[in-house]
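Chemist: I'd like to ask you about the structure that follows.
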Amino acid sequence: MRIEYVSHACLSIDTGDLKILTDPWILGPAYCGQWNVFPKPVNTRVLDDCQAVLLSHGHEDHFHPATVEKLPRSARMFYPYMWYGGIKPYLNELGFRDVTEAPTDRTIRLTPDTALTYVVNNLDSIIVIESNGQVFVNINDALHSHPPRIVDIFVDHLLERWPRIDTVFCGFGGASYFPNAIHCFGKNDLEIAEAREQMFVHAFCRIAHALHPRVAVPFAADFVLLRPSQRWINERRFPRSRIPDYYREIYVDSPEGPQINVMYPGDVLIDDQLMPRSPYRAELRSGSLNHLIDEQYAEEIAALEKNHWLTHAEIDILEKQLLQNLELRKGVFDLEVLSKIEFSLKVSDILENPCFIINMKSGAPRVERSAAPSAESILQIEIPSSILLHSFGERLGRRCGNHRLWLRNLCFSTRNHPIQPGLGLRPVIDTHPLRKPALEARACPLGASSFFQPHPSELGGASHVESCAWTPPLSGRLQREDAPVAPSYQV
């Protein structure tokens, strides 16, 4: 099996009888222009001759519309069968005729020598490829951000089905703005950012050690943020060049562990042998490529550093849409909850009076313009107008171009509108072999060794949305603060 590291979570896999592409994100930014693939891929020809495309989940850095549209329409498209619909019709509309929504834990024979199995975890999935006696496990985002007890359930299941695994690719970095875009009293942004990144690397090492493949590769964290207020986050990332030594420090008593191979775009893994062909290896400085960010994204950075202020007419349209959106969404909450809500929304591209003070205490939304956030705000949000308008999309999902991005972990209830998307809404999910142990694991209290405390939406049932703050203290654990606070969130 030949595996080429293309970019981020995109791999080009040649099994000898099939050319496979996973999670294509090569061309252009993701998430309203906020994420940029870095370092940029060195081989985009893999888009032209792939025969099968395996998509692990619907997040845009794994299912990137602009990249998907460049794929040959003859390619067979595979996606895990989940509780929401829309993927197959979307791909059909783009011209892909051979589209399969693969049920979890069911093996699909792609060719006489190559088989595919998806193992779904929440809205992520693990991809297992078997070919000519080799077993390749692509975990991407499916495990390393979950509590250890959830990881253990899936690791045990993988080992039960595939006792001997040859190669594991697994995520090692954060795929969200939490906690870096959230600021509150007592939070050390730099310290928390580094602790969270180290936590993900620790999870990668733990997963690799438990699955015990011959080779493990950290990947799916190849992106940078270019906005001036966010570029500090790039410097807090855990250098992948340090991961092999970190693994050996943790498992010093286990010399027979997997070989941790660090790969960059253009590198190739043939069976368990690394072919270090990436031109980026010659560019490394102290194990980092961050000095290339300004070179690779000079135009984008220059554009973001220029001020583009909204006109009065554009501000009026924004305020009107804001009120419409608040009116639409107020039905999600009980009146008692609404009576506690006042927050400030600062739109970063409004020059004068950039803050919208939003008060829901009467049960109906009231919006006032101000030069500064309200002292009574329980939350302060700073966001560009383009992203705010994008978030005013559909009720259960957000649309990016012609591609729908569904909100993750949406699980709430109201007095009049019970809503509980999640496990069990489509028949095949009820038969998920890990459904019961995963729900039980999410519902039980966490031990001291766990990474997170569960959000109510993880408890396996509907939860009530209430006015409370979720703030990360210096321990790195996620804890609920019952006392009202006014954290700020910056996008």
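Ligands are numbered from 1 in the order shown, residues from 1 within each chain, and chains are lettered A, B, ... in the order they appear in the structure tokens.
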From the DSSP assignment of the backbone, select every residue of segment 293-342 of chain A that is helix (DSSP H, G or I), and format the answer as a PyMOL selection string.
Modeler: chain A and resi 293-296+298-304+312-332+335-338
Chemist: May I have a table of the residues of segment 219-253 of chain A lying at most 12 Å from segment 121-144 of chain A, giving each one's closest pair of atoms and their distance in Å to one decimal, counting only C-alpha atoms, ordered by chain and ascending residue number, as CSV?
Modeler:
```
residue,atom,partner,partner_atom,distance
A:Phe219,CA,A:Asn140,CA,7.3
A:Ala220,CA,A:Asn140,CA,6.2
A:Ala221,CA,A:Asn140,CA,9.3
A:Asp222,CA,A:Asn140,CA,11.9
```
Chemist: Between A:Ala115, A:Ile350, A:Ile243, A:Val224, which is the closest to Gln296 of chain A once you count only C-alpha atoms?
Modeler: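 Of A:Ala115, A:Ile350, A:Ile243, A:Val224, the one nearest Gln296 of chain A, counting only C-alpha atoms, is A:Val224.
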Chemist: Check segment 231-378 of chain A with DSSP on the backbone and list each residue it calls strand (DSSP E), as number ranges by chain.
Modeler: A: 259-260, 268-270, 273-275, 342-347, 355-359, 366-370
Chemist: Write the residues of the preceding selection, restricted to C-alpha atoms, as a short mmCIF file (atom, residue, chain, number, x, y, z; two decimals), in the first residue's frame.
Modeler:
```cif
data_model
loop_
_atom_site.label_atom_id
_atom_site.label_comp_id
_atom_site.auth_asym_id
_atom_site.auth_seq_id
_atom_site.Cartn_x
_atom_site.Cartn_y
_atom_site.Cartn_z
CA GLN A 259 7.22 3.78 14.79
CA ILE A 260 5.97 7.41 14.89
CA VAL A 268 5.23 8.90 0.86
CA LEU A 269 4.74 5.81 3.03
CA ILE A 270 5.18 2.51 1.20
CA GLN A 273 8.78 2.50 5.00
CA LEU A 274 8.87 6.31 4.96
CA MET A 275 10.08 8.00 1.77
CA GLU A 342 -28.49 40.41 27.59
CA PHE A 343 -25.34 40.27 25.51
CA SER A 344 -23.21 42.50 23.30
CA LEU A 345 -22.33 41.84 19.69
CA LYS A 346 -19.42 43.90 18.35
CA VAL A 347 -19.17 43.87 14.56
CA CYS A 355 -21.76 47.20 19.29
CA PHE A 356 -25.28 45.80 19.15
CA ILE A 357 -26.70 45.45 22.66
CA ILE A 358 -29.17 42.57 22.50
CA ASN A 359 -31.75 42.26 25.27
CA ARG A 366 -34.53 44.45 21.53
CA VAL A 367 -31.41 45.75 19.78
CA GLU A 368 -29.61 49.02 20.42
CA ARG A 369 -26.43 50.39 18.84
CA SER A 370 -23.62 51.51 21.15
#
```
Chemist: Pick out the closest residue to Glu197 of chain A from this set: A:Leu226, A:Cys184, A:Arg240, A:Val120. Count only C-alpha atoms.
Modeler: A:Arg240
Chemist: Just want the 10 Å neighbourhood of Glu305 of chain A, counted on only C-alpha atoms, with same-chain residues fewer than 3 positions away dropped. Output as number ranges by chain.
Modeler: A: 226-228, 300-302, 308
Chemist: List as a list of chain:residue names the protein and nucleic acid residues near His291 of chain A, meaning an atom at most 12 Å away when only C-alpha atoms are counted, but skip any in the same chain fewer than 5 places from it.
Modeler: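 Residues meeting the cut-off are A:Phe38, A:Pro39, A:Val224, A:Asn234, A:Glu235, A:Tyr280, A:Glu283, A:Leu284, A:Arg285, A:Ser286, A:Gln296, A:Tyr297, A:Ala298.
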Chemist: Neighbours of Lys19 of chain A within 9 Å (only C-alpha atoms; same-chain residues fewer than 3 positions away dropped), as a compact mmCIF listing (two decimals) with C-alpha atoms, in the first residue's frame?
Modeler:
```
# COMPACT_ATOMS: atom_id res chain seq x y z
CA SER A 12 -3.63 9.70 -1.76
CA ILE A 13 -3.68 5.91 -1.32
CA ASP A 14 -2.76 3.40 -4.01
CA THR A 15 -3.61 -0.18 -3.06
CA GLY A 16 -2.40 -1.61 -6.36
CA VAL A 46 -3.91 13.42 -7.23
CA ASP A 49 -6.82 10.35 -11.34
CA CYS A 50 -8.50 9.25 -8.10
CA GLN A 51 -11.00 6.42 -8.56
CA ALA A 52 -12.60 6.46 -5.11
CA VAL A 53 -13.05 9.34 -2.64
```
Chemist: Excluding Gln324 of chain A and any residue of its chain fewer than 6 positions from it, enumerate the residues within 12 Å of it, using only C-alpha atoms, and give them as a tab-separated table (two decimals) with C-alpha atoms, in the first residue's frame.
Modeler:
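In the end it all went to out.tsv:
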```tsv
chain	number	residue	atom	x	y	z
A	317	ILE	CA	-29.57	45.51	6.43
A	318	LEU	CA	-27.41	43.74	9.01
A	330	LYS	CA	-36.13	32.87	20.61
A	364	ALA	CA	-38.94	39.74	22.54
A	365	PRO	CA	-35.58	40.82	21.12
A	366	ARG	CA	-34.53	44.45	21.53
A	367	VAL	CA	-31.41	45.75	19.78
A	389	LEU	CA	-24.42	37.08	8.03
A	392	PHE	CA	-27.92	33.71	9.83
A	393	GLY	CA	-28.38	30.83	7.39
```
Chemist: Point out the residue among A:Gly58, A:Pro218, A:Gly257, A:Pro65 with the least atom-to-atom distance to Phe78 of chain A, counting only C-alpha atoms.
Modeler: A:Gly58
Chemist: When you look at segment 86-103 of chain A with a cut-off of 7 Å (counting only C-alpha atoms), what residues show up, excluding the ones that are within fewer than 2 positions of it in the same chain? I need them as a list in words.
Modeler: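 Once the nearby chain positions are removed, what remains is Glu69, Arg73, Ser74, Arg76, Met77, Phe78, Tyr79, Pro80, Tyr81, Tyr84, Asp105, Arg106, Tyr118 and Val428 of chain A.
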Chemist: Give me, please, the distance in Å between atom CA of Lys306 of chain A and atom CA of Ile182 of chain A, quoted to one decimal.
Modeler: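 Taking atom CA of Lys306 of chain A as the start and atom CA of Ile182 of chain A as the end point, the length is 24.3 Å.
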Chemist: Grab the atom CA of Ile293 of chain A to atom CA of Trp232 of chain A distance for me, in Å with one decimal place.
Modeler: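 These two atoms are separated by 12.3 Å.
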Chemist: Out of A:Val151, A:Met360, A:Ile315, A:Ile26, which residue has the shortest atom-to-atom distance to Phe333 of chain A when counting only C-alpha atoms?
Modeler: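 Among A:Val151, A:Met360, A:Ile315, A:Ile26, it is A:Met360 that comes nearest to Phe333 of chain A.
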